[in-house]
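The structure appears below as structure tokens.
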Amino acid sequence: MKKMGLNEIRKAFLDFYEEKGHYVSASYPLVPLNDKSLLLVNAGMQPLKNYFTGIETPPNVRMATCQKCIRTGDIENVGVTARHATFFEMLGNFSFGDYFKEGAIKLSWEFITDVLEMPVELLWPSVYHEDDEAFAIWRDIIGVPEEKIVRLGKADNFWEIGTGPCGPCSEIYFDRGEAYGCGSPDCKPGCECERYLEFWNLVFTQYNRDENGNYTDLEKKNIDTGMGLERIACIMQDVDSIFEVDTIKLIRDKVIEMSGVTYGKDRKTGISVRIITDHIKAVTFMVGDGIMPNNEGRGYVLRRLLRRASRHAKMIGMSGAVLTILVDTVIEAYGVSYENLVERKDYIKKIIAIEEERFQATIDQGLTILTEYMDELKSTGKTELSGENAFRLYDTYGFPLELTKEILDEYGLTVDEESFTEQMTAQRERARAARGSGDELGWASDAVSQLPKEIQSRFDGYNKLSMSSTVTAIVAEVTLEEAFEGMEVSFILDETPFYPEGGGQVGDVGILMTDAFTAEVIETKKGVGNRIIHHATVIKGKIKVGEKVEAIVDLTARMATARNHSATHLLHKALRELLGTHVEQAGSMVNPERLRFDFSHFEPISGADIIVIEKMVNKQIFRALSIGTEEMDIESAKTKGAMALFGEKYGDSVRVVTMGDYSVELCGGTHLKNTSEIGMFKITSESGVAAGVRRIEATTGENVYNLLTQYEAKIQSVSDILKTTVQDVENKAESVLSEIKGLNRENEQLKNKLAKSSLADIIEHVTVINGIHIVTAKFAGIDMNTLRNMGDQLKNKWDSSVVVLANDAGDKVELLAMVSDTAIKSGAHAGNIIREVAKITGGGGGGKPNMAQAGGKDAEKIDEALQKVHALLS
């Protein structure tokens with residue numbers, strides 16, 4: 001067996017499969033592309049998911065990759081065991097409807113026996129216990145002795161996640177020798193001991209599982225294999241721990257050298273060394289793929305790993321920018337295979353250095369505070385740290401909750417996580433309130449506010465939707481010199497056609513691009529210092545500060561927003577004309593899908609008036625009024641008749657938007673050239689939002705067409721159900737309702753007749769106790785009036801009587817008690833009787849001595865409840 005380095009194994013695998021006709025793709029970034037369900041790529045096949053499902057077409061029906069992965073689900077085991085890691089690489093070959101079981105097994109066997117030269121006698125395959133096909137391939141084609149092919153159950157050798165594609169697996173194991181075994185003569189793959197190490201999983205995706213658990217054959221069968229690079233490296237280098245593998249050992253040894261500790265001397269020190277080794281590797285790759293440390297999502301994962309490593313560095317006596325220095329060693333170990341690490345070395349070190357410096361500024365004080373909290377808990381006999389104190393550590397000293405939990409766990413203590421979450425939610429609400437309307441992204445501490453004053457933006461997008469601009473700044477948590485694929489950052493341009501959110505109008509979306517670079521702008525906001533911030537995700541390539549980009553606004557979204565905005569002005573005018581000049585705008589929101597307009601008015605708007613308002617607005621749309629804009633001073637604007645919003649502050653110069661002879665308003669938003677471009681206006685709802693404030697929601701243009709199409713489809717569906725035409729659906733619905741009402745009346749009459757006809761049977765079963773005639777009976781589905789009528793008839797049959805009737809009304813029980821005057825004199829009381837009876841059915845009630853009603857919940861207890869009547873009167 002060859003002794004091969006980790007980088008050598010990776011290259012050998014990819015070269016082998018390329019020779020076998022596979023398209024070899026570079027590792028996809030750790031940030032999942034077009035998959036918001038996942039924070040970080042955590043499996044080799046994850047970036048290829050759309051190829052397996054058929055959503056996208058792969059570049060080749062055969063592919064091979066070595067994929068970077070991050071998993072933090074069992075982070076508490078990292079550094080403790082020999083195999084757990086947060087960052088790992090997964091070798092994999094994939095077939096999309098090309099070769100299947102025989103091809104996958106043959107290729108895997110050829111690679112491990114011919115290329116890696118692993119001894120055949122030490123290799124054991126396993127198969128799903130019902131997969132006779134795979135068993136036969138291993139035995140008859142590969143030539144593995146039958147006794148060395150192990151059949152395992154579904155838990156071990158069948159891959160599925162809920163519904164969808166799934167299938168059996170075949171795993172390949174390496175026999176590490178008797179020294180690792182349990183001594184049992186039956187020891188083989190599947191045994192719980194450490195002797196047999198599984199290193200390659202071949203998944204045969206051949207079935208589709210439905211919601212009922214049924215399996216059907218897939219039309220196109222796929223292959224998905226996965227071999228952990230670190231695990232196969234352990235075998236090839238004959239070491240027991242991933243921390244002994246050459247590339248990882250290089251980092252580990254640098255940690256030992258910098259800390260001056262004696263590795264292996266004590267368990268606690270060894271764990272800290274291994275945690276630092278693992279985490280610095282993970283964070284180097286994460287930052288290299290554009291992830292920035294912050295308090296949410298994947299940025300929080302990065303921050304947590306960085307600060308956990310920083311704490312363990314401190315525990316073994318390391319100080320200064322130790323993690324930043326260790327980046328050099330990580331890149332030394334992996335740069336030969338990942339050139340982006342080499343290219344972005346300075347950037348990676350800058351981001352890690354800033355984060356490391358921030359945490360080191362507070363870690364000592366935070367640890368002191370936490371120690372005080374723990375001492376206080378011990379002195380009071382408590383074991384749970386309050387959520388308030390945990391949040392203080394997080395908010396003031398930068399301690400992620402998981403770090404606090406980890407430290408507390410070392411001393412047998414816990415934390416009130418529910419209270420911590422409440423504190424976190426409250427803080428987010430405070431921050432949201434502090435940001436006010438959201439028109440600006442400027443907080444005193446953000447990176448934008450720290451930019452030089454001369455970096456400003458000029459908006460030139462009223463009449464342009466694209467232009468060539470210069471990138472003057474790139475910011476995330478810090479200012480950057482460049483942005484590259486996978487990063488989420490904010491760009492500031494010297495001039496831009498992108499409208500920033502303001503005045504109730506959402507910001508533009510679109511793209512920034514060059515021949516080699518593309519970024520998707522997902523929102524545009526105002527920033528402090530006259531800056532316009534384009535928050536974007538880099539889709540391709542990279543860009544540096546000072547370089548030119550083409551800034552292109554999404555035309556469809558801009559036009560849809562402009563339709564809604566121009567329609568809002570027409571709506572405002574129509575409301576003032578119809579309802580009165582007391583109507584004033586109290587708030588608005590316009591986006592590509594709809595408009596929302598809040599206004600002062602003292603009562604709900606009737607349905608008839610809603611129709612009138614719609615007609616008034618659509619009339620101005622059909623008039624094809626020209627829409628014009630002018631810049632002028634505020635007094636000139638008022639003279640022109642422009643409406644100024646109460647409470648708004650205006651500068652020396654204002655923008656006036658005029659729509660023909662109908663509407664004149666002050667507005668800084670984007671609009672159409674002519675009202676006819678709105679197409680059509682449709683109100684979707686009217687409601688109250690506060691005392692004296694009403695809200696209308698509406699939509700325009702293509703969205704109206706889509707809405708009417710939905711309505712039409714619903715009407716057609718109702719027509720089909722009623723077996724009539726769309727034209728006659730209203731008459732048919734009225735006819736059906738009338739018929740249903742008639743049938744219900746007839747049904748009630750029949751039930752009541754049936755109930756009354758049973759009076760003779762009821763009378764036959766009367767019981768006499770102490771001279772009082774006691775009648776109890778149970779009915780189902782009759783109305784309360786019928787129940788009362790029958791109660792009166794039964795009560796009047798005898799001079800001294802007590803009648804208790806029960807009705808099973810489906811979702812409830814109705815109870816009635818009636819007592820004659822003579823029985824009342826003897827001590828009977830309808831209210832007292834019904835109260836006790838109702839309790840048994842899970843209800844309650846009461847009433848007068850002569851009549852009482854009650855309700856219950858449990859119809860199954862009616863018989864037991866009626867029996868209670870006799871016991872009470874006895």
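In the structure tokens, the first chain shown is A, the next is B, and so on; residue numbers restart at 1 for each chain, and ligands run from 1 in the order shown.
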Determine which residues of range 615-860 of chain A DSSP labels as alpha helix (DSSP H) from the backbone of this structure, then write them out as a short mmCIF file (atom, residue, chain, number, x, y, z; two decimals) with N, CA, C and O atoms, in the first residue's frame.
data_model
loop_
_atom_site.label_atom_id
_atom_site.label_comp_id
_atom_site.auth_asym_id
_atom_site.auth_seq_id
_atom_site.Cartn_x
_atom_site.Cartn_y
_atom_site.Cartn_z
N LYS A 615 -63.16 53.28 -10.17
CA LYS A 615 -63.55 53.87 -11.46
C LYS A 615 -62.88 55.23 -11.66
O LYS A 615 -62.43 55.55 -12.77
N MET A 616 -62.79 56.01 -10.59
CA MET A 616 -62.16 57.33 -10.69
C MET A 616 -60.69 57.21 -11.08
O MET A 616 -60.19 57.94 -11.94
N VAL A 617 -59.98 56.28 -10.44
CA VAL A 617 -58.55 56.11 -10.75
C VAL A 617 -58.38 55.56 -12.15
O VAL A 617 -57.55 56.06 -12.93
N ASN A 618 -59.16 54.55 -12.52
CA ASN A 618 -59.02 53.96 -13.86
C ASN A 618 -59.40 54.96 -14.95
O ASN A 618 -58.82 54.93 -16.05
N LYS A 619 -60.33 55.87 -14.63
CA LYS A 619 -60.68 56.90 -15.62
C LYS A 619 -59.45 57.74 -15.97
O LYS A 619 -59.22 58.05 -17.15
N GLN A 620 -58.67 58.12 -14.95
CA GLN A 620 -57.46 58.93 -15.21
C GLN A 620 -56.38 58.12 -15.92
O GLN A 620 -55.59 58.67 -16.69
N ILE A 621 -56.36 56.82 -15.68
CA ILE A 621 -55.42 55.94 -16.40
C ILE A 621 -55.79 55.92 -17.88
O ILE A 621 -54.93 56.08 -18.76
N PHE A 622 -57.09 55.75 -18.16
CA PHE A 622 -57.55 55.65 -19.55
C PHE A 622 -57.49 57.00 -20.28
O PHE A 622 -57.48 57.04 -21.51
N ILE A 634 -39.88 75.33 -2.58
CA ILE A 634 -41.08 74.85 -1.92
C ILE A 634 -42.26 75.80 -2.09
O ILE A 634 -43.40 75.37 -2.27
N GLU A 635 -42.01 77.10 -2.04
CA GLU A 635 -43.11 78.05 -2.17
C GLU A 635 -43.72 78.01 -3.56
O GLU A 635 -44.94 78.09 -3.73
N SER A 636 -42.87 77.89 -4.59
CA SER A 636 -43.38 77.79 -5.96
C SER A 636 -44.20 76.53 -6.13
O SER A 636 -45.23 76.51 -6.81
N ALA A 637 -43.76 75.46 -5.47
CA ALA A 637 -44.48 74.19 -5.55
C ALA A 637 -45.86 74.30 -4.93
O ALA A 637 -46.86 73.82 -5.47
N LYS A 638 -45.94 75.01 -3.80
CA LYS A 638 -47.23 75.18 -3.13
C LYS A 638 -48.16 76.05 -3.97
O LYS A 638 -49.37 75.82 -4.06
N THR A 639 -47.57 77.09 -4.61
CA THR A 639 -48.35 77.95 -5.49
C THR A 639 -48.92 77.16 -6.66
O THR A 639 -50.05 77.39 -7.11
N GLY A 701 -51.43 47.06 -13.34
CA GLY A 701 -50.77 46.45 -14.49
C GLY A 701 -50.96 44.95 -14.62
O GLY A 701 -52.07 44.41 -14.48
N GLU A 702 -49.87 44.26 -14.86
CA GLU A 702 -49.91 42.80 -15.06
C GLU A 702 -50.44 42.09 -13.83
O GLU A 702 -51.07 41.04 -13.94
N ASN A 703 -50.18 42.66 -12.64
CA ASN A 703 -50.68 42.03 -11.41
C ASN A 703 -52.21 42.02 -11.36
O ASN A 703 -52.81 41.10 -10.80
N VAL A 704 -52.85 43.04 -11.95
CA VAL A 704 -54.32 43.04 -12.03
C VAL A 704 -54.78 41.91 -12.94
O VAL A 704 -55.73 41.19 -12.63
N TYR A 705 -54.10 41.77 -14.07
CA TYR A 705 -54.44 40.67 -14.99
C TYR A 705 -54.32 39.32 -14.28
O TYR A 705 -55.22 38.47 -14.40
N ASN A 706 -53.23 39.13 -13.55
CA ASN A 706 -53.03 37.87 -12.83
C ASN A 706 -54.12 37.65 -11.79
O ASN A 706 -54.62 36.53 -11.61
N LEU A 707 -54.51 38.74 -11.09
CA LEU A 707 -55.55 38.65 -10.07
C LEU A 707 -56.89 38.28 -10.71
O LEU A 707 -57.61 37.39 -10.22
N LEU A 708 -57.23 38.94 -11.83
CA LEU A 708 -58.49 38.64 -12.51
C LEU A 708 -58.50 37.22 -13.07
O LEU A 708 -59.54 36.55 -13.08
N THR A 709 -57.34 36.76 -13.52
CA THR A 709 -57.23 35.39 -14.01
C THR A 709 -57.51 34.39 -12.89
O THR A 709 -58.18 33.37 -13.10
N GLN A 710 -56.98 34.69 -11.69
CA GLN A 710 -57.25 33.82 -10.54
C GLN A 710 -58.73 33.80 -10.20
O GLN A 710 -59.31 32.74 -9.94
N TYR A 711 -59.35 35.00 -10.18
CA TYR A 711 -60.78 35.08 -9.91
C TYR A 711 -61.58 34.29 -10.95
O TYR A 711 -62.52 33.56 -10.61
N GLU A 712 -61.19 34.45 -12.21
CA GLU A 712 -61.89 33.75 -13.29
C GLU A 712 -61.79 32.24 -13.14
O GLU A 712 -62.76 31.51 -13.33
N ALA A 713 -60.59 31.78 -12.74
CA ALA A 713 -60.38 30.34 -12.55
C ALA A 713 -61.25 29.82 -11.40
O ALA A 713 -61.80 28.72 -11.47
N LYS A 714 -61.36 30.64 -10.33
CA LYS A 714 -62.20 30.23 -9.20
C LYS A 714 -63.66 30.15 -9.60
O LYS A 714 -64.38 29.22 -9.23
N ILE A 715 -64.12 31.15 -10.37
CA ILE A 715 -65.52 31.16 -10.82
C ILE A 715 -65.79 29.95 -11.72
O ILE A 715 -66.83 29.29 -11.61
N GLN A 716 -64.84 29.65 -12.60
CA GLN A 716 -64.99 28.49 -13.49
C GLN A 716 -65.04 27.20 -12.68
O GLN A 716 -65.84 26.30 -12.96
N SER A 717 -64.19 27.13 -11.63
CA SER A 717 -64.17 25.94 -10.78
C SER A 717 -65.51 25.77 -10.05
O SER A 717 -66.06 24.66 -9.99
N VAL A 718 -66.05 26.89 -9.53
CA VAL A 718 -67.35 26.83 -8.86
C VAL A 718 -68.44 26.42 -9.85
O VAL A 718 -69.33 25.61 -9.53
N SER A 719 -68.37 26.95 -11.08
CA SER A 719 -69.34 26.59 -12.11
C SER A 719 -69.30 25.10 -12.41
O SER A 719 -70.34 24.45 -12.56
N ASP A 720 -68.09 24.56 -12.51
CA ASP A 720 -67.94 23.13 -12.78
C ASP A 720 -68.53 22.29 -11.65
O ASP A 720 -69.19 21.27 -11.90
N ILE A 721 -68.27 22.73 -10.40
CA ILE A 721 -68.79 22.00 -9.24
C ILE A 721 -70.32 22.01 -9.25
O ILE A 721 -70.98 21.01 -8.94
N LEU A 722 -70.91 23.19 -9.61
CA LEU A 722 -72.37 23.33 -9.62
C LEU A 722 -73.00 22.82 -10.91
O LEU A 722 -74.23 22.88 -11.08
N VAL A 729 -73.88 31.02 -13.06
CA VAL A 729 -73.40 30.48 -11.78
C VAL A 729 -74.09 31.13 -10.58
O VAL A 729 -74.37 30.47 -9.57
N GLU A 730 -74.41 32.43 -10.67
CA GLU A 730 -75.05 33.10 -9.55
C GLU A 730 -76.45 32.54 -9.29
O GLU A 730 -76.81 32.23 -8.15
N ASN A 731 -77.24 32.38 -10.37
CA ASN A 731 -78.59 31.83 -10.23
C ASN A 731 -78.54 30.40 -9.70
O ASN A 731 -79.34 30.00 -8.85
N LYS A 732 -77.55 29.64 -10.23
CA LYS A 732 -77.43 28.25 -9.81
C LYS A 732 -77.06 28.17 -8.33
O LYS A 732 -77.60 27.33 -7.59
N ALA A 733 -76.16 29.05 -7.87
CA ALA A 733 -75.74 29.04 -6.47
C ALA A 733 -76.93 29.37 -5.56
O ALA A 733 -77.13 28.73 -4.53
N GLU A 734 -77.72 30.37 -5.96
CA GLU A 734 -78.91 30.73 -5.16
C GLU A 734 -79.90 29.58 -5.12
O GLU A 734 -80.51 29.29 -4.08
N SER A 735 -80.06 28.91 -6.26
CA SER A 735 -80.97 27.78 -6.33
C SER A 735 -80.53 26.63 -5.43
O SER A 735 -81.33 26.04 -4.70
N VAL A 736 -79.23 26.35 -5.46
CA VAL A 736 -78.69 25.26 -4.64
C VAL A 736 -78.83 25.59 -3.15
O VAL A 736 -79.21 24.75 -2.34
N LEU A 737 -78.54 26.85 -2.78
CA LEU A 737 -78.67 27.26 -1.37
C LEU A 737 -80.12 27.16 -0.90
O LEU A 737 -80.42 26.72 0.21
N SER A 738 -81.03 27.59 -1.79
CA SER A 738 -82.45 27.50 -1.44
C SER A 738 -82.87 26.05 -1.26
O SER A 738 -83.61 25.71 -0.32
N GLU A 739 -82.36 25.19 -2.13
CA GLU A 739 -82.67 23.76 -2.03
C GLU A 739 -82.12 23.17 -0.75
O GLU A 739 -82.78 22.38 -0.05
N ILE A 740 -80.91 23.58 -0.40
CA ILE A 740 -80.28 23.07 0.83
C ILE A 740 -81.06 23.51 2.06
O ILE A 740 -81.28 22.73 2.98
N LYS A 741 -81.49 24.79 2.05
CA LYS A 741 -82.27 25.27 3.19
C LYS A 741 -83.57 24.50 3.33
O LYS A 741 -84.00 24.14 4.43
N GLY A 742 -84.22 24.22 2.19
CA GLY A 742 -85.46 23.45 2.22
C GLY A 742 -85.24 22.05 2.74
O GLY A 742 -86.04 21.54 3.55
N LEU A 743 -84.18 21.42 2.29
CA LEU A 743 -83.87 20.06 2.76
C LEU A 743 -83.54 20.05 4.25
O LEU A 743 -83.90 19.11 4.97
N ASN A 744 -82.82 21.11 4.69
CA ASN A 744 -82.50 21.19 6.12
C ASN A 744 -83.77 21.32 6.97
O ASN A 744 -83.89 20.70 8.02
N ARG A 745 -84.69 22.17 6.47
CA ARG A 745 -85.97 22.31 7.20
C ARG A 745 -86.72 20.99 7.25
O ARG A 745 -87.24 20.58 8.29
N GLU A 746 -86.77 20.32 6.09
CA GLU A 746 -87.46 19.03 6.02
C GLU A 746 -86.80 18.00 6.93
O GLU A 746 -87.48 17.22 7.62
N ASN A 747 -85.48 18.04 6.95
CA ASN A 747 -84.73 17.11 7.79
C ASN A 747 -85.02 17.35 9.27
O ASN A 747 -85.22 16.41 10.05
N GLU A 748 -85.05 18.65 9.66
CA GLU A 748 -85.36 18.99 11.05
C GLU A 748 -86.77 18.55 11.43
O GLU A 748 -87.00 18.01 12.52
N GLN A 749 -87.71 18.76 10.51
CA GLN A 749 -89.09 18.36 10.78
C GLN A 749 -89.20 16.85 10.97
O GLN A 749 -89.90 16.36 11.87
N LEU A 750 -88.50 16.10 10.10
CA LEU A 750 -88.54 14.64 10.21
C LEU A 750 -87.91 14.17 11.52
O LEU A 750 -88.42 13.26 12.18
N LYS A 751 -86.78 14.80 11.89
CA LYS A 751 -86.13 14.41 13.14
C LYS A 751 -87.02 14.71 14.34
O LYS A 751 -87.11 13.93 15.29
N ASN A 752 -87.68 15.86 14.28
CA ASN A 752 -88.54 16.24 15.39
C ASN A 752 -89.76 15.33 15.50
O ASN A 752 -90.19 14.96 16.59
N LYS A 753 -90.33 14.95 14.31
CA LYS A 753 -91.45 14.02 14.33
C LYS A 753 -91.03 12.68 14.92
O LYS A 753 -91.76 12.06 15.70
N LEU A 754 -89.85 12.25 14.53
CA LEU A 754 -89.34 10.98 15.02
C LEU A 754 -89.13 11.04 16.53
O LEU A 754 -89.44 10.09 17.27
N ALA A 755 -88.62 12.19 16.98
CA ALA A 755 -88.39 12.34 18.42
C ALA A 755 -89.72 12.31 19.18
O ALA A 755 -89.85 11.67 20.23
N LYS A 756 -90.73 13.03 18.65
CA LYS A 756 -92.02 13.08 19.32
C LYS A 756 -92.70 11.72 19.33
O LYS A 756 -93.40 11.37 20.28
N SER A 757 -92.48 10.97 18.25
CA SER A 757 -93.11 9.64 18.18
C SER A 757 -92.54 8.69 19.21
O SER A 757 -93.12 7.64 19.50
N LEU A 759 -92.17 9.48 22.31
CA LEU A 759 -92.67 9.85 23.64
C LEU A 759 -93.31 8.68 24.36
O LEU A 759 -93.16 8.50 25.57
N ALA A 760 -94.08 7.87 23.59
CA ALA A 760 -94.76 6.72 24.21
C ALA A 760 -93.76 5.76 24.82
O ALA A 760 -93.94 5.25 25.94
N ASP A 761 -92.64 5.53 24.09
CA ASP A 761 -91.60 4.63 24.63
C ASP A 761 -90.97 5.22 25.87
O ASP A 761 -90.65 4.50 26.83
N ILE A 762 -90.78 6.53 25.86
CA ILE A 762 -90.15 7.19 27.01
C ILE A 762 -91.04 7.07 28.25
O ILE A 762 -90.57 6.79 29.35
N ILE A 763 -92.35 7.29 28.04
CA ILE A 763 -93.30 7.24 29.16
C ILE A 763 -93.34 5.84 29.78
O ILE A 763 -93.47 5.69 30.99
N GLU A 764 -93.18 4.83 28.92
CA GLU A 764 -93.20 3.46 29.42
C GLU A 764 -92.08 3.20 30.42
O GLU A 764 -92.17 2.30 31.25
N MET A 784 -83.21 22.71 19.86
CA MET A 784 -83.51 22.97 21.26
C MET A 784 -85.00 23.24 21.48
O MET A 784 -85.55 22.88 22.52
N ASN A 785 -85.68 23.85 20.51
CA ASN A 785 -87.11 24.12 20.67
C ASN A 785 -87.90 22.82 20.79
O ASN A 785 -88.82 22.69 21.60
N THR A 786 -87.53 21.85 19.96
CA THR A 786 -88.21 20.54 20.02
C THR A 786 -87.95 19.89 21.37
O THR A 786 -88.86 19.28 21.97
N LEU A 787 -86.73 20.03 21.85
CA LEU A 787 -86.39 19.43 23.15
C LEU A 787 -87.24 20.06 24.27
O LEU A 787 -87.76 19.35 25.15
N ARG A 788 -87.41 21.38 24.20
CA ARG A 788 -88.22 22.05 25.22
C ARG A 788 -89.70 21.63 25.12
O ARG A 788 -90.37 21.40 26.14
N ASN A 789 -90.23 21.55 23.89
CA ASN A 789 -91.63 21.14 23.71
C ASN A 789 -91.88 19.75 24.28
O ASN A 789 -92.89 19.50 24.95
N MET A 790 -90.95 18.83 24.01
CA MET A 790 -91.11 17.47 24.54
C MET A 790 -91.01 17.47 26.06
O MET A 790 -91.71 16.73 26.76
N GLY A 791 -90.10 18.32 26.58
CA GLY A 791 -89.97 18.42 28.03
C GLY A 791 -91.26 18.88 28.68
O GLY A 791 -91.69 18.34 29.71
N ASP A 792 -91.92 19.88 28.06
CA ASP A 792 -93.20 20.38 28.59
C ASP A 792 -94.28 19.29 28.57
O ASP A 792 -95.03 19.11 29.54
N GLN A 793 -94.33 18.57 27.44
CA GLN A 793 -95.35 17.53 27.32
C GLN A 793 -95.16 16.43 28.37
O GLN A 793 -96.13 15.97 28.99
N LEU A 794 -93.89 16.03 28.56
CA LEU A 794 -93.62 14.96 29.53
C LEU A 794 -93.88 15.44 30.97
O LEU A 794 -94.43 14.73 31.79
N LYS A 795 -93.49 16.68 31.27
CA LYS A 795 -93.68 17.22 32.63
C LYS A 795 -95.16 17.29 33.00
O LYS A 795 -95.57 17.02 34.13
N ASP A 821 -94.44 21.94 39.67
CA ASP A 821 -94.57 22.70 40.92
C ASP A 821 -94.65 21.78 42.13
O ASP A 821 -94.07 22.06 43.18
N THR A 822 -95.38 20.67 41.99
CA THR A 822 -95.51 19.74 43.12
C THR A 822 -94.18 19.13 43.49
O THR A 822 -93.84 19.00 44.67
N ALA A 823 -93.38 18.78 42.45
CA ALA A 823 -92.06 18.19 42.72
C ALA A 823 -91.13 19.21 43.36
O ALA A 823 -90.28 18.86 44.19
N ILE A 824 -91.30 20.48 42.99
CA ILE A 824 -90.49 21.53 43.61
C ILE A 824 -90.78 21.60 45.10
O ILE A 824 -89.86 21.73 45.93
N LYS A 825 -92.07 21.50 45.46
CA LYS A 825 -92.45 21.53 46.87
C LYS A 825 -91.85 20.35 47.63
O LYS A 825 -91.61 20.43 48.84
N ALA A 830 -84.58 22.14 39.45
CA ALA A 830 -84.03 21.89 38.11
C ALA A 830 -82.60 22.40 37.96
O ALA A 830 -81.73 21.74 37.37
N GLY A 831 -82.33 23.58 38.51
CA GLY A 831 -80.98 24.16 38.38
C GLY A 831 -79.93 23.32 39.05
O GLY A 831 -78.82 23.11 38.51
N ASN A 832 -80.23 22.81 40.27
CA ASN A 832 -79.27 21.97 41.00
C ASN A 832 -79.04 20.64 40.29
O ASN A 832 -77.92 20.12 40.23
N ILE A 833 -80.15 20.07 39.77
CA ILE A 833 -80.05 18.78 39.07
C ILE A 833 -79.16 18.92 37.83
O ILE A 833 -78.24 18.14 37.61
N ILE A 834 -79.45 19.94 37.00
CA ILE A 834 -78.73 20.09 35.72
C ILE A 834 -77.25 20.38 35.94
O ILE A 834 -76.38 19.98 35.16
N ARG A 835 -76.93 21.09 37.04
CA ARG A 835 -75.53 21.42 37.33
C ARG A 835 -74.71 20.14 37.56
O ARG A 835 -73.62 19.99 37.03
N GLU A 836 -75.26 19.23 38.34
CA GLU A 836 -74.54 17.98 38.64
C GLU A 836 -74.46 17.07 37.43
O GLU A 836 -73.46 16.41 37.19
N VAL A 837 -75.54 17.03 36.65
CA VAL A 837 -75.58 16.19 35.45
C VAL A 837 -74.55 16.69 34.42
O VAL A 837 -73.82 15.92 33.79
N ALA A 838 -74.49 18.02 34.26
CA ALA A 838 -73.60 18.61 33.26
C ALA A 838 -72.13 18.35 33.58
O ALA A 838 -71.29 18.20 32.68
N LYS A 839 -71.80 18.30 34.85
CA LYS A 839 -70.40 18.06 35.26
C LYS A 839 -69.87 16.77 34.66
O LYS A 839 -68.70 16.68 34.25
N ILE A 840 -70.71 15.75 34.62
CA ILE A 840 -70.28 14.43 34.13
C ILE A 840 -69.92 14.49 32.65
O ILE A 840 -69.01 13.81 32.18
#
| task | Name the residues of range 92-314 of chain A that come out as strand (DSSP E) in a backbone DSSP run; write them as a ChimeraX atom specification. | result | /A:92-96,123-128,150-152,158-159,164-175,196-209,215-228
For Gly504 in chain A, find every residue with an atom within 7 Å (counting only C-alpha atoms), except residues of its own chain fewer than 4 positions away, and show them as a compact mmCIF listing (two decimals) with C-alpha atoms, in the first residue's frame.
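This is the output file out_24.txt:
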# COMPACT_ATOMS: atom_id res chain seq x y z
CA SER A 588 -47.45 54.46 2.05
CA MET A 589 -45.53 51.54 0.61
CA VAL A 590 -45.00 50.70 -3.05
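Proximity ranking of A:Thr216, A:Ser37, A:Asn50, A:Ser170 relative to Ala104 in chain A places A:Ser170 first, based on only C-alpha atoms.
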Tell me, counting only C-alpha atoms, for each residue of range 49-107 of chain A within 12 Å of range 400-417 of chain A, which pair of atoms is nearest and how far apart they are in Å to one decimal, in rows ordered by chain and increasing number, as a tab-separated table.
residue	atom	partner	partner_atom	distance
A:Thr72	CA	A:Glu402	CA	11.4
A:Gly73	CA	A:Glu402	CA	11.9
A:Ile75	CA	A:Glu402	CA	10.1
A:Glu76	CA	A:Glu406	CA	8.2
A:Asn77	CA	A:Glu406	CA	11.6
| field | Minimum-distance residue to Arg274 in chain A, chosen among A:Lys861, A:Arg83, A:Arg344, A:Arg458 (using only C-alpha atoms) | value | A:Arg83
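If only C-alpha atoms are the atoms counted, then among A:Gln206, A:Asn463, A:Thr776, A:Ser490 the closest residue to Arg558 in chain A is A:Asn463.
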| request: Write out as a list in words which residues come within 8 Å of Asn201 in chain A when counting only C-alpha atoms, dropping same-chain ones fewer than 4 positions away. | output: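 With the cut-off at 8 Å, the set is Cys169, Ser170, Glu171, Ile172, Thr225, Gly226 and Met227 of chain A.
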| field | For CA of Asp554 in chain A and CA of Val448 in chain A, the interatomic separation in Å (one decimal) | value |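 Atom-to-atom, CA of Asp554 in chain A to CA of Val448 in chain A, that is 24.8 Å.
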| task | Would you mind listing what lies within 10 Å of Glu550 in chain A as a list in words, with only C-alpha atoms counted and same-chain residues fewer than 3 positions away left out? | result | Ser466, Met467, Ser468, Ser469, Thr470, Thr496, Ile511, Leu512, Met513, Thr514, Asp515, Phe517, Thr518 and Val553 of chain A
| field | Selection: 9 Å around range 152-158 of chain A, only C-alpha atoms, excl. self and same-chain fewer than 2 positions, as a ChimeraX atom specification | value | /A:126-130,150,160,166-171,189-190,201,203-204
| said: Measuring between only C-alpha atoms, which one of A:Ile552, A:Leu393, A:Gly381, A:Gly507 shows the shortest distance to Leu465 in chain A? | reply: A:Ile552
| By how many Å are CA of Glu178 in chain A and CA of Thr81 in chain A apart? | 20.9 Å
| said: Neighbouring residues of Lys148 in chain A were defined as those with any atom within 12 Å, considering only C-alpha atoms; residues of the same chain fewer than 5 positions away were excluded. Please report them as a VMD selection string. | reply: chain A and resid 120 to 127 135 138 to 139 143 172 to 175 186 to 189
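When only C-alpha atoms are used to compute distances to Lys3 in chain A, the closest of the residues A:Asp114, A:Gly54, A:Ala233, A:Lys36 turns out to be A:Ala233.
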